[in-house]
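input.txt follows (compact mmCIF, C-alpha atoms):
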# COMPACT_ATOMS: atom_id res chain seq x y z
CA MET A 525 116.86 -106.10 94.41
CA ASN A 526 117.26 -109.47 92.70
CA LYS A 527 114.20 -111.64 93.34
CA ARG A 528 116.35 -114.71 93.92
CA MET A 529 118.47 -112.84 96.44
CA ILE A 530 115.37 -111.75 98.34
CA GLY A 531 113.97 -115.28 98.24
CA SER A 532 117.25 -116.80 99.46
CA MET A 533 117.63 -114.11 102.13
CA CYS A 534 114.13 -114.94 103.36
CA LEU A 535 114.94 -118.66 103.40
CA VAL A 536 118.07 -118.04 105.48
CA ALA A 537 116.27 -115.67 107.86
CA GLY A 538 113.15 -117.81 108.03
CA THR A 539 115.16 -120.95 108.77
CA SER A 540 116.85 -119.16 111.68
CA ILE A 541 113.94 -117.22 113.16
CA GLY A 542 111.71 -119.64 114.99
CA ALA A 543 113.29 -121.66 117.73
CA GLY A 544 115.70 -118.76 118.17
CA MET A 545 113.06 -116.10 118.60
CA ILE A 546 110.94 -118.12 121.02
CA ALA A 547 113.62 -120.01 122.94
CA LEU A 548 116.21 -117.29 123.43
CA PRO A 549 114.43 -115.23 126.11
CA MET A 550 113.81 -118.44 128.09
CA ALA A 551 117.49 -119.39 127.93
CA LEU A 552 119.12 -115.95 128.04
CA SER A 553 117.08 -114.67 131.00
CA LYS A 554 119.71 -116.39 133.16
CA LEU A 555 122.52 -114.30 131.62
CA GLY A 556 121.02 -110.83 131.68
CA ILE A 557 120.68 -108.35 128.82
CA ILE A 558 124.28 -107.15 128.24
CA PRO A 559 125.98 -110.59 128.29
CA SER A 560 123.17 -111.88 126.05
CA ILE A 561 123.75 -109.18 123.42
CA ILE A 562 127.50 -109.82 123.45
CA LEU A 563 126.91 -113.56 123.02
CA MET A 564 124.42 -113.16 120.16
CA LEU A 565 126.63 -110.77 118.18
CA GLY A 566 129.65 -113.01 118.71
CA VAL A 567 127.81 -116.11 117.50
CA TRP A 568 126.42 -114.22 114.48
CA THR A 569 129.96 -113.20 113.45
CA VAL A 570 131.23 -116.77 113.68
CA MET A 571 128.27 -118.19 111.79
CA TYR A 572 128.41 -115.62 109.00
CA ILE A 573 132.11 -116.18 108.33
CA SER A 574 131.67 -119.96 108.51
CA SER A 575 128.81 -119.70 106.02
CA LEU A 576 131.24 -118.20 103.50
CA VAL A 577 133.33 -121.37 103.82
CA SER A 578 130.32 -123.54 102.98
CA LEU A 579 129.34 -121.29 100.07
CA GLU A 580 132.93 -121.40 98.78
CA LEU A 581 132.80 -125.21 98.77
CA ASN A 582 129.48 -125.25 96.90
CA LEU A 583 130.76 -122.77 94.32
CA LYS A 584 134.02 -124.71 93.88
CA ALA A 585 131.97 -127.88 93.38
CA GLY A 586 130.11 -126.16 90.55
CA ALA A 587 126.69 -127.05 91.98
CA GLY A 588 124.71 -126.92 95.19
CA LEU A 589 125.62 -130.13 97.00
CA PRO A 590 124.59 -131.42 100.45
CA LEU A 591 127.41 -131.63 102.97
CA GLY A 592 127.82 -135.37 102.44
CA ALA A 593 128.27 -134.94 98.70
CA LEU A 594 130.75 -132.10 99.27
CA ALA A 595 132.69 -134.33 101.66
CA LYS A 596 132.80 -137.11 99.07
CA LYS A 597 134.01 -134.71 96.36
CA PHE A 598 136.74 -133.01 98.38
CA SER A 599 137.78 -135.77 100.82
CA GLY A 600 136.36 -139.28 100.42
CA PRO A 601 133.68 -141.79 101.49
CA LYS A 602 134.51 -141.76 105.22
CA THR A 603 134.10 -138.01 105.47
CA GLU A 604 130.98 -138.32 103.31
CA ALA A 605 129.43 -140.64 105.91
CA ILE A 606 130.17 -138.13 108.68
CA GLY A 607 128.63 -135.35 106.62
CA LEU A 608 125.50 -137.32 105.77
CA LEU A 609 124.90 -138.41 109.37
CA SER A 610 125.56 -134.92 110.72
CA ILE A 611 123.30 -133.05 108.32
CA LYS A 612 120.42 -135.46 108.77
CA GLY A 613 120.89 -135.58 112.53
CA LEU A 614 120.80 -131.78 112.73
CA CYS A 615 117.73 -131.51 110.51
CA TYR A 616 115.83 -134.13 112.50
CA ALA A 617 116.77 -132.52 115.83
CA LEU A 618 115.70 -129.07 114.63
CA LEU A 619 112.44 -130.35 113.15
CA ALA A 620 111.68 -132.17 116.42
CA ALA A 621 112.21 -128.87 118.27
CA TYR A 622 110.02 -126.90 115.87
CA ILE A 623 107.23 -129.48 115.86
CA TYR A 624 107.27 -129.62 119.66
CA GLY A 625 107.34 -125.82 119.89
CA GLY A 626 104.58 -125.35 117.32
CA GLY A 627 102.42 -128.03 118.90
CA SER A 628 102.95 -126.58 122.37
CA THR A 629 102.00 -123.09 121.18
CA ILE A 630 98.84 -124.33 119.45
CA PHE A 631 97.94 -126.47 122.48
CA SER A 632 98.21 -123.50 124.87
CA LEU A 633 96.06 -121.43 122.52
CA LEU A 634 93.30 -123.98 121.88
CA LYS A 635 93.03 -125.82 125.20
CA PRO A 636 90.95 -123.12 126.97
CA VAL A 637 88.46 -122.83 124.10
CA VAL A 638 87.96 -126.30 122.56
CA GLY A 639 85.08 -128.41 123.74
CA PHE A 640 86.88 -131.75 123.82
CA ASN A 641 89.82 -133.30 125.61
CA LEU A 642 92.70 -131.89 123.53
CA THR A 643 96.18 -133.33 124.10
CA LEU A 644 99.63 -131.97 123.31
CA ASN A 645 100.39 -135.00 121.13
CA VAL A 646 97.35 -134.26 118.95
CA THR A 647 98.47 -130.67 118.31
CA MET A 648 102.05 -131.77 117.59
CA ALA A 649 100.88 -134.43 115.12
CA SER A 650 98.56 -131.91 113.46
CA PHE A 651 101.37 -129.37 113.18
CA GLY A 652 103.65 -131.99 111.61
CA LEU A 653 100.97 -132.89 109.03
CA PHE A 654 100.47 -129.21 108.23
CA LEU A 655 104.19 -128.77 107.53
CA MET A 656 104.24 -131.87 105.33
CA ALA A 657 101.34 -130.48 103.31
CA ILE A 658 103.23 -127.23 102.63
CA LEU A 659 106.39 -129.01 101.51
CA LEU A 660 104.52 -131.17 99.01
CA PHE A 661 104.46 -128.11 96.73
CA SER A 662 107.26 -127.13 94.31
CA ILE A 663 110.26 -125.13 95.56
CA THR A 664 108.95 -122.00 93.80
CA SER A 665 105.61 -122.30 95.60
CA VAL A 666 107.27 -123.07 98.94
CA ASP A 667 109.59 -120.07 98.46
CA TYR A 668 106.55 -117.85 97.88
CA ILE A 669 104.75 -119.24 100.95
CA ASN A 670 107.87 -118.82 103.09
CA ARG A 671 108.52 -115.28 101.81
CA THR A 672 104.92 -114.30 102.52
CA LEU A 673 104.98 -115.77 106.03
CA LEU A 674 108.37 -114.22 106.84
CA THR A 675 107.46 -110.70 105.73
CA LYS A 676 104.19 -110.86 107.66
CA LYS A 677 106.01 -112.28 110.67
CA ILE A 678 108.56 -109.45 110.66
CA GLY A 679 105.69 -106.95 110.49
CA VAL A 680 103.93 -108.65 113.40
CA MET A 681 107.21 -108.78 115.33
CA ALA A 682 107.69 -105.04 114.81
CA LEU A 683 104.21 -104.34 116.21
CA LEU A 684 104.79 -106.67 119.15
CA PHE A 685 108.18 -105.15 119.88
CA VAL A 686 106.65 -101.67 120.02
CA ALA A 687 103.79 -102.93 122.23
CA LEU A 688 106.21 -104.69 124.59
CA ILE A 689 109.00 -102.13 124.67
CA VAL A 690 106.68 -99.32 125.83
CA LYS A 691 105.96 -101.49 128.88
CA VAL A 692 109.65 -102.01 129.65
CA ASP A 693 111.11 -99.92 132.46
CA LEU A 694 114.70 -99.42 131.24
CA PRO A 695 116.20 -98.70 134.70
CA GLN A 696 114.75 -102.01 135.92
CA LEU A 697 116.02 -104.13 133.02
CA PRO A 698 117.96 -107.14 134.35
CA ILE A 699 121.27 -106.05 132.79
CA GLU A 700 122.96 -108.89 134.65
CA THR A 701 121.82 -111.59 137.05
CA GLY A 702 123.48 -113.29 139.98
CA ASN A 703 124.43 -116.12 137.62
CA SER A 704 125.59 -114.02 134.65
CA TRP A 705 129.17 -115.21 134.80
CA ASN A 706 128.64 -118.76 136.07
CA LEU A 707 129.98 -121.53 133.84
CA GLU A 708 126.74 -123.48 134.24
CA THR A 709 124.72 -120.54 132.91
CA TRP A 710 126.92 -120.10 129.85
CA SER A 711 126.95 -123.84 129.18
CA ALA A 712 123.16 -123.75 128.94
CA CYS A 713 122.99 -120.61 126.78
CA ILE A 714 125.78 -120.99 124.23
CA PRO A 715 124.47 -124.11 122.41
CA VAL A 716 120.93 -122.67 122.20
CA VAL A 717 122.15 -119.35 120.76
CA PHE A 718 124.46 -121.19 118.38
CA THR A 719 121.61 -123.38 117.12
CA SER A 720 119.44 -120.31 116.60
CA PHE A 721 121.63 -119.49 113.60
CA GLY A 722 121.21 -122.95 112.10
CA PHE A 723 120.64 -121.95 108.48
CA GLN A 724 123.52 -124.03 107.04
CA VAL A 725 121.20 -126.88 106.05
CA ILE A 726 119.94 -124.95 103.02
CA PHE A 727 123.20 -123.77 101.41
CA HIS A 728 123.05 -126.37 98.65
CA THR A 729 119.46 -125.34 97.94
CA ILE A 730 120.12 -121.59 97.68
CA THR A 731 123.35 -122.13 95.69
CA ASP A 732 121.32 -123.64 92.87
CA TYR A 733 118.43 -121.22 93.40
CA CYS A 734 120.78 -118.20 93.02
CA GLU A 735 122.38 -119.82 89.95
CA LYS A 736 125.78 -119.93 91.68
CA ASP A 737 126.15 -116.14 91.74
CA LYS A 738 128.78 -115.46 94.44
CA THR A 739 127.70 -111.86 95.07
CA ILE A 740 124.01 -112.65 95.39
CA LEU A 741 124.79 -115.58 97.70
CA LYS A 742 127.05 -113.49 99.95
CA ARG A 743 124.48 -110.71 100.26
CA ALA A 744 121.65 -113.17 100.85
CA VAL A 745 123.52 -114.91 103.68
CA PHE A 746 124.80 -111.65 105.22
CA TRP A 747 121.39 -109.98 105.42
CA GLY A 748 119.55 -113.25 105.95
CA SER A 749 121.64 -113.95 109.07
CA LEU A 750 121.88 -110.34 110.33
CA ILE A 751 118.10 -109.84 110.33
CA PRO A 752 117.61 -112.71 112.84
CA ALA A 753 120.45 -111.37 115.01
CA ILE A 754 118.78 -107.95 115.26
CA ILE A 755 115.35 -109.49 115.87
CA TYR A 756 116.77 -111.81 118.55
CA ILE A 757 118.32 -108.89 120.44
CA LEU A 758 115.18 -106.74 120.32
CA TRP A 759 112.92 -109.69 121.19
CA THR A 760 115.06 -110.78 124.14
CA ILE A 761 115.19 -107.25 125.57
CA SER A 762 111.43 -106.76 125.27
CA VAL A 763 110.36 -110.22 126.50
CA VAL A 764 112.77 -110.44 129.44
CA GLY A 765 112.00 -106.82 130.29
CA VAL A 766 108.23 -107.26 130.54
CA ILE A 767 108.28 -110.74 132.10
CA SER A 768 110.67 -109.62 134.86
CA LEU A 769 108.51 -106.54 135.55
CA TYR A 770 104.94 -107.85 135.20
CA ARG A 771 105.33 -111.59 135.91
CA PRO A 772 108.06 -111.85 138.59
CA ASP A 773 107.03 -115.41 139.50
CA ALA A 774 107.37 -116.53 135.87
CA TYR A 775 110.70 -114.70 135.63
CA THR A 776 111.95 -116.50 138.74
CA ALA A 777 110.88 -119.79 137.18
CA MET A 778 112.78 -118.88 133.98
CA LEU A 779 115.91 -118.23 136.05
CA HIS A 780 115.74 -121.57 137.81
CA GLN A 781 113.66 -124.54 136.66
CA GLY A 782 112.51 -122.97 133.37
CA ILE A 783 109.06 -122.73 131.78
CA ASP A 784 107.46 -124.31 128.71
CA ILE A 785 107.21 -122.37 125.48
CA GLY A 786 103.41 -122.36 125.60
CA GLU A 787 103.53 -120.85 129.09
CA LEU A 788 105.82 -118.03 127.92
CA VAL A 789 103.52 -117.17 125.01
CA SER A 790 100.53 -117.28 127.38
CA HIS A 791 102.22 -114.87 129.83
CA LEU A 792 103.03 -112.44 127.02
CA SER A 793 99.47 -112.48 125.70
CA GLN A 794 98.15 -111.74 129.22
CA ILE A 795 100.60 -108.85 129.70
CA LEU A 796 99.46 -107.33 126.40
CA ASP A 797 95.92 -106.93 127.68
CA ILE A 798 94.48 -105.96 124.29
CA LYS A 799 92.77 -108.64 122.21
CA ILE A 800 94.46 -107.81 118.91
CA LEU A 801 97.90 -107.75 120.54
CA GLN A 802 97.21 -111.05 122.28
CA ALA A 803 96.36 -112.56 118.90
CA LEU A 804 99.57 -111.17 117.39
CA VAL A 805 101.67 -112.97 120.02
CA TRP A 806 100.19 -116.29 118.94
CA VAL A 807 100.51 -115.44 115.24
CA ALA A 808 104.18 -114.46 115.54
CA SER A 809 105.02 -117.58 117.55
CA SER A 810 103.25 -119.91 115.12
CA PHE A 811 104.69 -118.24 112.00
CA SER A 812 108.18 -118.51 113.49
CA MET A 813 107.91 -122.25 113.91
CA VAL A 814 106.48 -122.69 110.40
CA THR A 815 109.16 -120.65 108.59
CA SER A 816 111.97 -122.40 110.47
CA ALA A 817 110.52 -125.82 109.73
CA ILE A 818 110.05 -124.93 106.04
CA GLY A 819 113.71 -124.01 105.62
CA VAL A 820 115.06 -127.05 107.47
CA GLY A 821 112.49 -129.35 105.85
CA MET A 822 113.44 -128.14 102.35
CA GLY A 823 117.11 -128.81 103.08
CA LEU A 824 116.41 -132.31 104.43
CA ILE A 825 114.10 -133.27 101.56
CA ASP A 826 116.64 -132.00 99.03
CA SER A 827 119.39 -133.89 100.85
CA TRP A 828 117.42 -137.15 100.66
CA LYS A 829 116.89 -136.68 96.93
CA LYS A 830 120.51 -135.82 96.15
CA THR A 831 122.03 -138.63 98.21
CA SER A 832 119.73 -141.48 97.13
CA ASP A 833 118.82 -142.23 93.51
CA THR A 834 116.16 -144.63 94.76
CA ILE A 835 114.41 -141.91 96.75
CA ASN A 836 114.95 -139.32 94.01
CA ASN A 837 113.06 -141.54 91.57
CA LYS A 838 110.13 -141.97 93.96
CA PRO A 839 107.15 -139.59 94.22
CA HIS A 840 107.91 -136.34 96.08
CA ILE A 841 105.78 -137.44 99.03
CA ILE A 842 108.29 -140.18 99.96
CA PRO A 843 111.20 -137.87 100.97
CA VAL A 844 108.64 -135.57 102.63
CA LEU A 845 107.39 -138.45 104.80
CA LEU A 846 110.97 -139.59 105.53
CA SER A 847 111.79 -136.06 106.64
CA PHE A 848 108.82 -135.42 108.95
CA ILE A 849 107.55 -138.67 110.46
CA PRO A 850 110.68 -139.38 112.64
CA PRO A 851 110.92 -135.87 114.21
CA THR A 852 107.16 -135.76 114.79
CA LEU A 853 107.34 -139.05 116.70
CA CYS A 854 110.37 -137.82 118.69
CA ALA A 855 108.56 -134.62 119.65
CA MET A 856 105.58 -136.67 120.86
CA VAL A 857 107.69 -139.14 122.88
CA ILE A 858 110.35 -136.92 124.51
CA PRO A 859 109.08 -134.60 127.29
CA SER A 860 110.13 -130.94 126.95
CA ALA A 861 111.78 -131.78 123.63
CA PHE A 862 112.11 -128.14 122.60
CA ILE A 863 115.18 -127.01 124.55
CA LYS A 864 116.65 -130.54 124.70
CA ALA A 865 116.54 -130.88 120.91
CA LEU A 866 118.07 -127.43 120.42
CA GLY A 867 120.97 -128.22 122.75
CA PHE A 868 121.61 -131.56 121.01
CA ALA A 869 121.36 -129.86 117.62
CA GLY A 870 123.98 -127.35 118.73
CA MET A 871 126.67 -130.04 118.93
CA ILE A 872 125.76 -131.44 115.51
CA LEU A 873 125.68 -127.95 114.04
CA VAL A 874 129.30 -127.43 115.11
CA VAL A 875 130.30 -130.32 112.84
CA ILE A 876 128.14 -129.12 109.94
CA ALA A 877 128.77 -125.38 110.15
CA LEU A 878 132.33 -125.23 111.47
CA PHE A 879 134.46 -128.37 111.68
CA LEU A 880 133.64 -130.22 108.46
CA PRO A 881 133.50 -127.22 106.07
CA VAL A 882 136.81 -125.85 107.38
CA TYR A 883 138.37 -129.34 107.19
CA LEU A 884 137.23 -129.74 103.57
CA PHE A 885 138.48 -126.24 102.77
CA PHE A 886 141.97 -127.16 104.05
CA LYS A 887 141.83 -130.67 102.58
CA ALA A 888 141.21 -129.26 99.09
CA GLY A 889 144.06 -126.77 99.56
CA PHE A 890 141.85 -123.74 98.92
CA HIS A 891 143.56 -121.77 101.71
CA GLN A 892 146.70 -121.67 99.56
CA LYS A 893 144.92 -120.20 96.54
CA LYS A 894 143.76 -116.73 97.53
CA SER A 895 143.75 -115.51 93.93
CA VAL A 896 141.17 -118.10 92.88
CA LEU A 897 138.89 -117.93 95.92
CA PHE A 898 135.35 -116.65 95.46
CA TYR A 899 135.68 -115.08 98.93
CA PRO A 900 139.35 -113.96 99.47
CA LEU A 901 138.72 -113.33 103.20
CA LEU A 902 138.96 -117.10 103.69
CA ALA A 903 142.67 -117.11 102.82
CA ASN A 904 143.29 -115.80 106.36
CA LYS A 905 144.19 -118.90 108.39
CA SER A 906 143.73 -117.08 111.70
CA ILE A 907 140.04 -116.56 110.95
CA LEU A 908 139.55 -120.24 110.14
CA ILE A 909 141.38 -121.31 113.31
CA ALA A 910 139.20 -118.95 115.35
CA ILE A 911 136.11 -120.63 113.86
CA ILE A 912 137.40 -124.04 114.94
CA PHE A 913 138.13 -122.72 118.44
CA ALA A 914 134.58 -121.36 118.68
CA GLY A 915 133.25 -124.79 117.75
CA VAL A 916 135.32 -126.45 120.47
CA ILE A 917 133.83 -124.04 123.02
CA VAL A 918 130.26 -124.85 121.93
CA ILE A 919 130.81 -128.60 122.20
CA ALA A 920 132.61 -128.25 125.55
CA MET A 921 129.72 -126.19 126.93
CA GLU A 922 127.10 -128.69 125.80
CA ILE A 923 129.05 -131.66 127.20
CA TYR A 924 129.42 -129.80 130.50
CA ASN A 925 125.70 -129.07 130.43
CA LEU A 926 124.86 -132.74 129.86
CA LEU A 927 127.16 -133.77 132.71
CA ILE A 928 125.50 -131.29 135.07
CA GLN A 929 122.05 -132.59 134.08
CA GLY A 930 123.23 -136.16 134.63
CA ILE A 931 124.56 -135.36 138.09
CA ALA A 932 121.40 -133.45 138.96
CA GLY A 933 119.28 -136.32 137.66

Output the structure of this file as C-alpha cells.
Amino acid sequence: MNKRMIGSMCLVAGTSIGAGMIALPMALSKLGIIPSIILMLGVWTVMYISSLVSLELNLKAGAGLPLGALAKKFSGPKTEAIGLLSIKGLCYALLAAYIYGGGSTIFSLLKPVVGFNLTLNVTMASFGLFLMAILLFSITSVDYINRTLLTKKIGVMALLFVALIVKVDLPQLPIETGNSWNLETWSACIPVVFTSFGFQVIFHTITDYCEKDKTILKRAVFWGSLIPAIIYILWTISVVGVISLYRPDAYTAMLHQGIDIGELVSHLSQILDIKILQALVWVASSFSMVTSAIGVGMGLIDSWKKTSDTINNKPHIIPVLLSFIPPTLCAMVIPSAFIKALGFAGMILVVIALFLPVYLFFKAGFHQKKSVLFYPLLANKSILIAIIFAGVIVIAMEIYNLLIQGIAG
C-alpha cells in the first residue's frame, strides 16, 4: 500500500476516533443497540459521500486549501468569511472537547495515587501543553507519531473488545430502551454521532500530502472513515453491554442524568478486574484523545498559516499557541465541556461538511460537468440534496436539544 495513503488514512481515522469512541456509549445508551447501529451507519454514509465533495473542490482548486480559501476561490469574500469562521469554530470546539476529555481521563487515573491535591484544571492544562509539544514537530514527524499511536490504539482496542465482549450476555443486551424512539433521545444522540466523524478539517492537509492523487485520496477517506464506524459499533456494543450488566446503577445514570467520561473509564477498569486490562482501558482512552487532537490541531494550524501571511511568516510556535490556548481555557472554564462541545461542534460541522461544500459545488457548476469530475458519483443531484436534508436534520435536532435544556434549566 502507498505510504501516503496509509498515513492519510490514519490521519482521517485518528481524527475521528477519540471523542467518538469515548462519548458514543454514554450518548447512545439511551437509544439501545439496534437504533444506535442504524444511526452510526447512516451518518457514516452521509459523511463519506460529503467528503468526496470536499475532495473534489480541493482537486479542482489544484491545491489543498482550507474551506475559507475554497469559498473565496469558488464563490467570493462573504462565503470565505463563513468558511473561515466555521472551520475555526469547529476546530476550537473539538479541541475543547478533547482537552476536557483527556484531562478528565488523566484526572480520574491519577487522583487516587498522587500525594498532592490534584485538580481537573491542572490535568487539562497539562494535557493541552502535551498536545502543543507534539504539534511543534514537522508534519512528517507528527504523521509518524499519529500513525504509531493509532496502530497501537487499534491493537489495544481489539484486546479490550475481546475482554469486554466475553463478559457481555447477548440475550440481556439492551437492544432498545423505553426512550429509543423519543424525539428528545434522538436530538441528543444525532449531533454527537455526527461530530464523531469530524475528519473534514484535514482535507486540505491530506490533499497536499497525497500529492493530489484522486484515487489515493478516495481510498484514504473511505477506509479512514469506515474503520472508526466499525470500531464505534463494536465499542458501543461491548461498553453498553457490560455497564448495563455489571454496573446497573451507572447504566441507569447514563440513561438519565449522564456520567462524566472519567467515571465511565473508571467503571470499565473495575469491571475488567485484571491489572493489565485495567491499564489498557486508560491507555486506549488517552490515545484516542491524543490522536483526535493531533488531526484537528494539524488542520487548525495549517488553516492559520494558509489564511494569514502574517502568521505564516512567524515561528511555528505562534499558530500552535493560537490553536491550543483558547480551547484549553474553554475546557477549564466550562463545566462538563465534553458533551456540550461535541453537540455545539455538530452544528458547525454541518456547515463545514455538508452545506458549504455542496453550495460551492453547485456555485462552480461542477454538477453539470460529469465528464470532468474527479468523482462522477457527485453528478447525481439527488445524492447532494439528500446530504443537505441530512444536515437540516442534524441542526434541527441540536436546536431542539438546546431548547429542551433551556426549558429544563

Inset, instruction - Work out how far atom CA of A:Val577 is from atom CA of A:Ala877, in Å to one decimal. - result: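 Value for the atom CA of A:Ala877-atom CA of A:Val577 distance: 8.8 Å.
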
Inset, instruction - Name the closest residue to A:Pro752 among the candidates A:Met681, A:Thr739, A:His728, A:Leu633; distances are taken between atoms, counting all atoms listed in the file. - result: A:Met681

Legend entry - Close residues, stretch 842-858 of chain A itself excluded, 8 Å, all atoms listed in the file, min 3 positions apart in chain, as a ChimeraX atom specification: /A:616-617,619-621,623-624,644-645,648-649,652,656,659-660,821,824-825,828-829,835,838-839,861-862

Legend entry - Within 12 Å of A:Ile562 using only C-alpha atoms, minus same-chain residues under 3 positions, as a PyMOL selection string: chain A and resi 552+555-559+565-569+699+714+717+753+756-757

Selection from above, C-alpha atoms, as a PDB file, keeping the file's coordinate frame, can you write it?
ATOM      1  CA  LEU A 552     119.120-115.950 128.040  1.00  0.00           C
ATOM      2  CA  LEU A 555     122.520-114.300 131.620  1.00  0.00           C
ATOM      3  CA  GLY A 556     121.020-110.830 131.680  1.00  0.00           C
ATOM      4  CA  ILE A 557     120.680-108.350 128.820  1.00  0.00           C
ATOM      5  CA  ILE A 558     124.280-107.150 128.240  1.00  0.00           C
ATOM      6  CA  PRO A 559     125.980-110.590 128.290  1.00  0.00           C
ATOM      7  CA  LEU A 565     126.630-110.770 118.180  1.00  0.00           C
ATOM      8  CA  GLY A 566     129.650-113.010 118.710  1.00  0.00           C
ATOM      9  CA  VAL A 567     127.810-116.110 117.500  1.00  0.00           C
ATOM     10  CA  TRP A 568     126.420-114.220 114.480  1.00  0.00           C
ATOM     11  CA  THR A 569     129.960-113.200 113.450  1.00  0.00           C
ATOM     12  CA  ILE A 699     121.270-106.050 132.790  1.00  0.00           C
ATOM     13  CA  ILE A 714     125.780-120.990 124.230  1.00  0.00           C
ATOM     14  CA  VAL A 717     122.150-119.350 120.760  1.00  0.00           C
ATOM     15  CA  ALA A 753     120.450-111.370 115.010  1.00  0.00           C
ATOM     16  CA  TYR A 756     116.770-111.810 118.550  1.00  0.00           C
ATOM     17  CA  ILE A 757     118.320-108.890 120.440  1.00  0.00           C
TER      18      ILE A 757
END

Legend entry - d(atom CA of A:Leu908, atom CA of A:Ile876) in Å: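 Atom CA of A:Ile876 lies 14.5 Å from atom CA of A:Leu908.
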
Inset, instruction - Work out how far apart atom CA of A:Ala595 and atom CA of A:Cys615 are and give it in Å to one decimal. - result: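 Value for the atom CA of A:Ala595-atom CA of A:Cys615 distance: 17.6 Å.
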
Legend entry - Among listed residues A:Ala914, A:Ala903, A:Leu694, A:Ile767, nearest A:Met871 (using all atoms listed in the file):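 Looking only at the distances to A:Met871, the closest residue turns out to be A:Ala914.
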
Inset, instruction - Find the residues near A:Lys635: any atom within 12 Å, counting all atoms listed in the file, skip ones fewer than 6 places away on the same chain, and give them as an NGL selection string. - result: :A and (627-629 or 641-644 or 646-647 or 786 or 790)

Legend entry - A:Leu901, A:Ile872, A:Ile818, A:Leu609 ranked by distance to A:Leu655, top pick (using only C-alpha atoms): A:Ile818

Legend entry - Among the residues A:Arg671, A:Lys677, A:Lys584, A:Arg528, the one that comes closest to A:Ser809 [using all atoms listed in the file]: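 The shortest atom-to-atom distance to A:Ser809 comes from A:Lys677.
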
Inset, instruction - Check the smallest atom-to-atom distance from each of A:Thr760, A:Gln794, A:Thr776, A:Ser827 to A:Met545 using all atoms listed in the file, then report the winner. - result: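 Ranked by minimum distance to A:Met545, first place goes to A:Thr760.
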
Inset, instruction - Within 12 Å of A:Ala777, counting all atoms listed in the file, which residues show up once you throw out same-chain ones fewer than 3 positions away? Write them as a PyMOL selection string, please. - result: chain A and resi 550-551+553-554+767-768+771-774+780-784+787-788

Keeping only C-alpha atoms, write those residues as a PDB file, in the frame of the given file.
ATOM      1  CA  MET A 550     113.810-118.440 128.090  1.00  0.00           C
ATOM      2  CA  ALA A 551     117.490-119.390 127.930  1.00  0.00           C
ATOM      3  CA  SER A 553     117.080-114.670 131.000  1.00  0.00           C
ATOM      4  CA  LYS A 554     119.710-116.390 133.160  1.00  0.00           C
ATOM      5  CA  ILE A 767     108.280-110.740 132.100  1.00  0.00           C
ATOM      6  CA  SER A 768     110.670-109.620 134.860  1.00  0.00           C
ATOM      7  CA  ARG A 771     105.330-111.590 135.910  1.00  0.00           C
ATOM      8  CA  PRO A 772     108.060-111.850 138.590  1.00  0.00           C
ATOM      9  CA  ASP A 773     107.030-115.410 139.500  1.00  0.00           C
ATOM     10  CA  ALA A 774     107.370-116.530 135.870  1.00  0.00           C
ATOM     11  CA  HIS A 780     115.740-121.570 137.810  1.00  0.00           C
ATOM     12  CA  GLN A 781     113.660-124.540 136.660  1.00  0.00           C
ATOM     13  CA  GLY A 782     112.510-122.970 133.370  1.00  0.00           C
ATOM     14  CA  ILE A 783     109.060-122.730 131.780  1.00  0.00           C
ATOM     15  CA  ASP A 784     107.460-124.310 128.710  1.00  0.00           C
ATOM     16  CA  GLU A 787     103.530-120.850 129.090  1.00  0.00           C
ATOM     17  CA  LEU A 788     105.820-118.030 127.920  1.00  0.00           C
TER      18      LEU A 788
END

So which residues touch A:Ser762 within 6 Å, counting only C-alpha atoms, skipping near sequence neighbours fewer than 3 positions away, as a CSV table (one decimal) with C-alpha atoms, in the frame of the given file?
chain,number,residue,atom,x,y,z
A,688,LEU,CA,106.2,-104.7,124.6
A,689,ILE,CA,109.0,-102.1,124.7
A,759,TRP,CA,112.9,-109.7,121.2
A,765,GLY,CA,112.0,-106.8,130.3

Legend entry - Residue with smallest distance to A:Ser599 - pool A:Gly889, A:Gly870, A:Gly538, A:Gly626, counting only C-alpha atoms: A:Gly889
